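Have a look at the structure below, then the notes.
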Amino acid sequence: MAPLRFSKYEGLGNDFLVVECTEPSNLDARVPALCDRRRGVGADGVLVVLPPVTGGSAGRMRVVNADGSTPEMCGNGLRCVALHLRRTRPTLGAELVVDTDAGPRSCAVAWSPARPGEAEVRVDMGRIAVLEEATVDAEGRAFPLILADAGNPHAIHLGALPPDEVRVFGPALATHPRFRNGTNVEFVELAAPTRASVVVWERGVGLTLACGTGACAVAAVLAARGLSPHDEELTIALPGGPLFVRVARDGGVTMRGPAHLTFEGEVP
C-alpha cells in the first residue's frame with residue numbers, strides 16, 4: 001500500500017489532517033488511528049478533499065471526526081480546505097466554491113503577508129435556521145436550550161459554565177436521547193451586544209478550542225433573539241481565539257477567521 005500523504009492545518013487550534021482522495025470512504029476506518037495524539041499524527045478530524053460535484057466548484061469537502069463519525073459541516077475545517085485548495089491549485093483565484101454535505105459554500109482566501117501558509121478566510125455559511133427552544137435534563141440539571149441548524153445541529157445554552165462542569169454536562173447534552181443523531185453544544189456568555197464568549201462541546205470531538213459552525217449558530221441565535229444586532233460583525237471569542245460573524249436580516253451568515261498550514265507529511 002502506498003504511503004498516505006497529508007497536510008496538517010489548524011484554525012484557532014481546531015486542527016485537521018487534509019487528505020486528497022478520489023473515493024469518499026477510502027479513509028474512514030483509519031481516521032481514529034490517524035487522529036490519535038499519542039500513537040498517530042494527532043487531529044480533531046480528517047478533511048477529505050474529493051472531486052467537485054457542482055459546476056464551478058473547486059472541490060468537495062468530506063469531514064470525518066476523530067471518533068470516525070461524519071458531521072454534515074465544519075466551519076473551521078472549511079476554512080482550512082479553502083486554503084488548501086488555493087495553495088495546491090495555482091489556477092484558482094482568491095474566491096472559490098467548496099462543495100460540502102450541507103451544500104456549496106463560497107470562500108474568499110486572503111494570504112497573510114507575514115506568515116507563509118497562513119490566510120484569513122471568509123466563508124458564506126448560508127442561512128442558519130434558529131429552531132425551537134427546549135429544556136433538557138442532563139445529569140440531574142435542567143438546561144434551557146435554543147436549537148439551531150447550521151448544516152449540522154447545535155444546542156445553545158445562554159449561560160457560561162466552568163470548564164469542569166462543561167466536561168460533565170457537555171457530553172451528557174450532546175448524546176441526550178432528545179437529539180437522535182447527537183448535537184454540538186455551546187455555552188454562551190454575552191459580554192456586550194457585539195461580543196460573546198463561547199465554549200463548545202463538539203459532537204464526535206469533545207471539548208474543542210474552536211468551532212466555526214458553533215460560532216455562527218450562536219451569532220444567529222443572538223441576533224434572532226434581539227440580543228445582538230443584525231448586519232454588524234460580532235466577535236465570537238472561543239478558547240482558541242476569535243471568529244468574526246455577521247448575520248444578515250434574511251438569516252444569511254458570513255464568518256471570517258484564520259487558517260494555517262502547520263506541516264505536511266506521510267504515514268505508512
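Identifiers in the C-alpha cells: chain A, B, ... in order shown; residue index from 1 per chain; ligand index from 1 in order shown.
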Exercise for review: May I have all residues of stretch 5-250 of chain A that DSSP, computed from the backbone, assigns to alpha helix (DSSP H), given as a ChimeraX atom specification?
Suggested key: /A:31-35,75-88,163-174,212-224
**Study point:** In stretch 74-252 of chain A, DSSP strand (DSSP E or B) residues written as a PyMOL selection string
**Key:** chain A and resi 95-99+105-111+118-127+129-138+141-149+153-158+184-192+195-202+206-208+233-238+241-247+252
Leaving out A:Leu96 and any residue of its chain fewer than 6 positions from it, which residues lie within 12 Å of it when counting only C-alpha atoms, given as a CSV table (one decimal) with C-alpha atoms, in the first residue's frame?
```csv
chain,number,residue,atom,x,y,z
A,52,PRO,CA,-16.3,18.6,-7.1
A,55,GLY,CA,-20.4,23.2,-11.6
A,56,GLY,CA,-17.8,25.8,-10.8
A,57,SER,CA,-16.7,24.2,-7.5
A,58,ALA,CA,-13.0,23.8,-6.7
A,59,GLY,CA,-13.6,20.6,-4.8
A,60,ARG,CA,-15.7,18.8,-2.3
A,78,LEU,CA,-14.0,24.6,5.5
A,79,ARG,CA,-11.6,27.5,6.0
A,81,VAL,CA,-9.9,23.2,2.9
A,82,ALA,CA,-10.3,26.6,1.1
A,83,LEU,CA,-6.7,27.5,2.0
A,84,HIS,CA,-5.5,24.0,0.9
A,85,LEU,CA,-7.3,24.3,-2.5
A,86,ARG,CA,-5.9,27.8,-3.0
A,89,ARG,CA,-4.4,24.7,-7.4
A,104,PRO,CA,-21.8,24.5,-1.8
A,105,ARG,CA,-20.1,27.3,0.2
A,106,SER,CA,-18.4,30.4,-1.2
A,107,CYS,CA,-15.0,31.2,0.3
A,108,ALA,CA,-12.5,34.1,-0.1
A,109,VAL,CA,-8.9,33.5,0.8
A,110,ALA,CA,-6.6,36.4,1.7
A,121,VAL,CA,-10.7,33.1,5.0
A,122,ARG,CA,-14.2,34.5,4.7
A,123,VAL,CA,-16.9,31.9,4.3
A,124,ASP,CA,-20.5,32.3,3.2
```
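Every protein or nucleic acid residue with an atom no more than 8 Å from A:Asp231, counting only C-alpha atoms and leaving out same-chain residues fewer than 5 positions away, appears here: Arg246, Val247, Ala248 and Arg249 of chain A.
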Which stretch 189-258 of chain A residues have any atom within 7 Å of an atom of stretch 143-163 of chain A, and for each, what is the nearest pair of atoms with distance in Å to one decimal, counting only C-alpha atoms, rows sorted by chain and number, as JSON lines?
```
{"residue": "A:Glu189", "atom": "CA", "partner": "A:Ala160", "partner_atom": "CA", "distance": 5.2}
{"residue": "A:Thr213", "atom": "CA", "partner": "A:Ala150", "partner_atom": "CA", "distance": 6.1}
{"residue": "A:Gly214", "atom": "CA", "partner": "A:His154", "partner_atom": "CA", "distance": 6.8}
{"residue": "A:Ala217", "atom": "CA", "partner": "A:Ala150", "partner_atom": "CA", "distance": 6.1}
{"residue": "A:Val218", "atom": "CA", "partner": "A:Ile156", "partner_atom": "CA", "distance": 6.8}
```
Do you have, as a tab-separated table, the list of residues of stretch 217-265 of chain A lying at most 8 Å from stretch 6-27 of chain A, each with its nearest atom pair and that distance in Å to one decimal, counting only C-alpha atoms and ordered by chain then number?
```
residue	atom	partner	partner_atom	distance
A:Gly240	CA	A:Leu12	CA	4.6
A:Gly241	CA	A:Leu12	CA	5.6
A:Pro242	CA	A:Leu12	CA	7.8
A:Gly257	CA	A:Gly11	CA	7.6
A:Pro258	CA	A:Gly11	CA	5.6
A:Ala259	CA	A:Gly11	CA	4.6
A:His260	CA	A:Glu10	CA	5.4
A:Leu261	CA	A:Tyr9	CA	4.4
A:Thr262	CA	A:Tyr9	CA	5.5
A:Phe263	CA	A:Lys8	CA	5.3
A:Glu264	CA	A:Ser7	CA	4.3
A:Gly265	CA	A:Phe6	CA	5.6
```
Take the residues from that selection and put them in a file with N, CA, C and O atoms, as an mmCIF file, in the first residue's frame.
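Final output, saved to out_6.cif:
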```
data_model
loop_
_atom_site.group_PDB
_atom_site.id
_atom_site.type_symbol
_atom_site.label_atom_id
_atom_site.label_comp_id
_atom_site.auth_asym_id
_atom_site.auth_seq_id
_atom_site.Cartn_x
_atom_site.Cartn_y
_atom_site.Cartn_z
ATOM 1 N N GLY A 240 -9.686 29.124 21.504
ATOM 2 C CA GLY A 240 -8.559 29.225 20.591
ATOM 3 C C GLY A 240 -8.367 30.590 19.970
ATOM 4 O O GLY A 240 -7.358 30.837 19.305
ATOM 5 N N GLY A 241 -9.326 31.500 20.174
ATOM 6 C CA GLY A 241 -9.239 32.835 19.585
ATOM 7 C C GLY A 241 -10.577 33.255 19.015
ATOM 8 O O GLY A 241 -11.557 32.507 19.040
ATOM 9 N N PRO A 242 -10.666 34.464 18.447
ATOM 10 C CA PRO A 242 -11.946 34.985 17.986
ATOM 11 C C PRO A 242 -12.264 34.633 16.535
ATOM 12 O O PRO A 242 -11.388 34.561 15.679
ATOM 13 N N GLY A 257 -12.091 34.167 9.607
ATOM 14 C CA GLY A 257 -11.131 33.758 10.616
ATOM 15 C C GLY A 257 -9.909 33.150 9.951
ATOM 16 O O GLY A 257 -9.850 33.014 8.726
ATOM 17 N N PRO A 258 -8.912 32.763 10.741
ATOM 18 C CA PRO A 258 -7.651 32.295 10.178
ATOM 19 C C PRO A 258 -7.659 30.813 9.827
ATOM 20 O O PRO A 258 -8.438 30.020 10.344
ATOM 21 N N ALA A 259 -6.764 30.465 8.920
ATOM 22 C CA ALA A 259 -6.411 29.071 8.633
ATOM 23 C C ALA A 259 -4.913 29.046 8.406
ATOM 24 O O ALA A 259 -4.338 29.997 7.867
ATOM 25 N N HIS A 260 -4.279 27.949 8.818
ATOM 26 C CA HIS A 260 -2.808 27.922 8.845
ATOM 27 C C HIS A 260 -2.314 26.518 8.543
ATOM 28 O O HIS A 260 -2.744 25.540 9.174
ATOM 29 N N LEU A 261 -1.436 26.409 7.551
ATOM 30 C CA LEU A 261 -0.738 25.149 7.275
ATOM 31 C C LEU A 261 0.379 24.990 8.292
ATOM 32 O O LEU A 261 1.266 25.847 8.403
ATOM 33 N N THR A 262 0.359 23.897 9.056
ATOM 34 C CA THR A 262 1.414 23.694 10.062
ATOM 35 C C THR A 262 2.534 22.790 9.551
ATOM 36 O O THR A 262 3.698 23.073 9.762
ATOM 37 N N PHE A 263 2.205 21.691 8.873
ATOM 38 C CA PHE A 263 3.232 20.852 8.258
ATOM 39 C C PHE A 263 2.581 19.854 7.315
ATOM 40 O O PHE A 263 1.357 19.685 7.320
ATOM 41 N N GLU A 264 3.418 19.189 6.528
ATOM 42 C CA GLU A 264 2.959 18.137 5.629
ATOM 43 C C GLU A 264 3.802 16.895 5.857
ATOM 44 O O GLU A 264 4.948 16.982 6.306
ATOM 45 N N GLY A 265 3.233 15.740 5.547
ATOM 46 C CA GLY A 265 3.970 14.502 5.750
ATOM 47 C C GLY A 265 3.251 13.324 5.149
ATOM 48 O O GLY A 265 2.328 13.472 4.349
#
```
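Take atom CA of A:Leu209 and atom CA of A:Arg195: the distance between them is 17.4 Å.
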Exercise for review: Determine the nearest neighbour of A:Ala219 from the options A:Gly252, A:Gly204, A:Gly77, A:Pro239, counting only C-alpha atoms.
Suggested key: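 Closest to A:Ala219, using only C-alpha atoms: A:Gly252.
Here atom CA of A:Asn181 is placed at a distance of 15.0 Å from atom CA of A:Val64.
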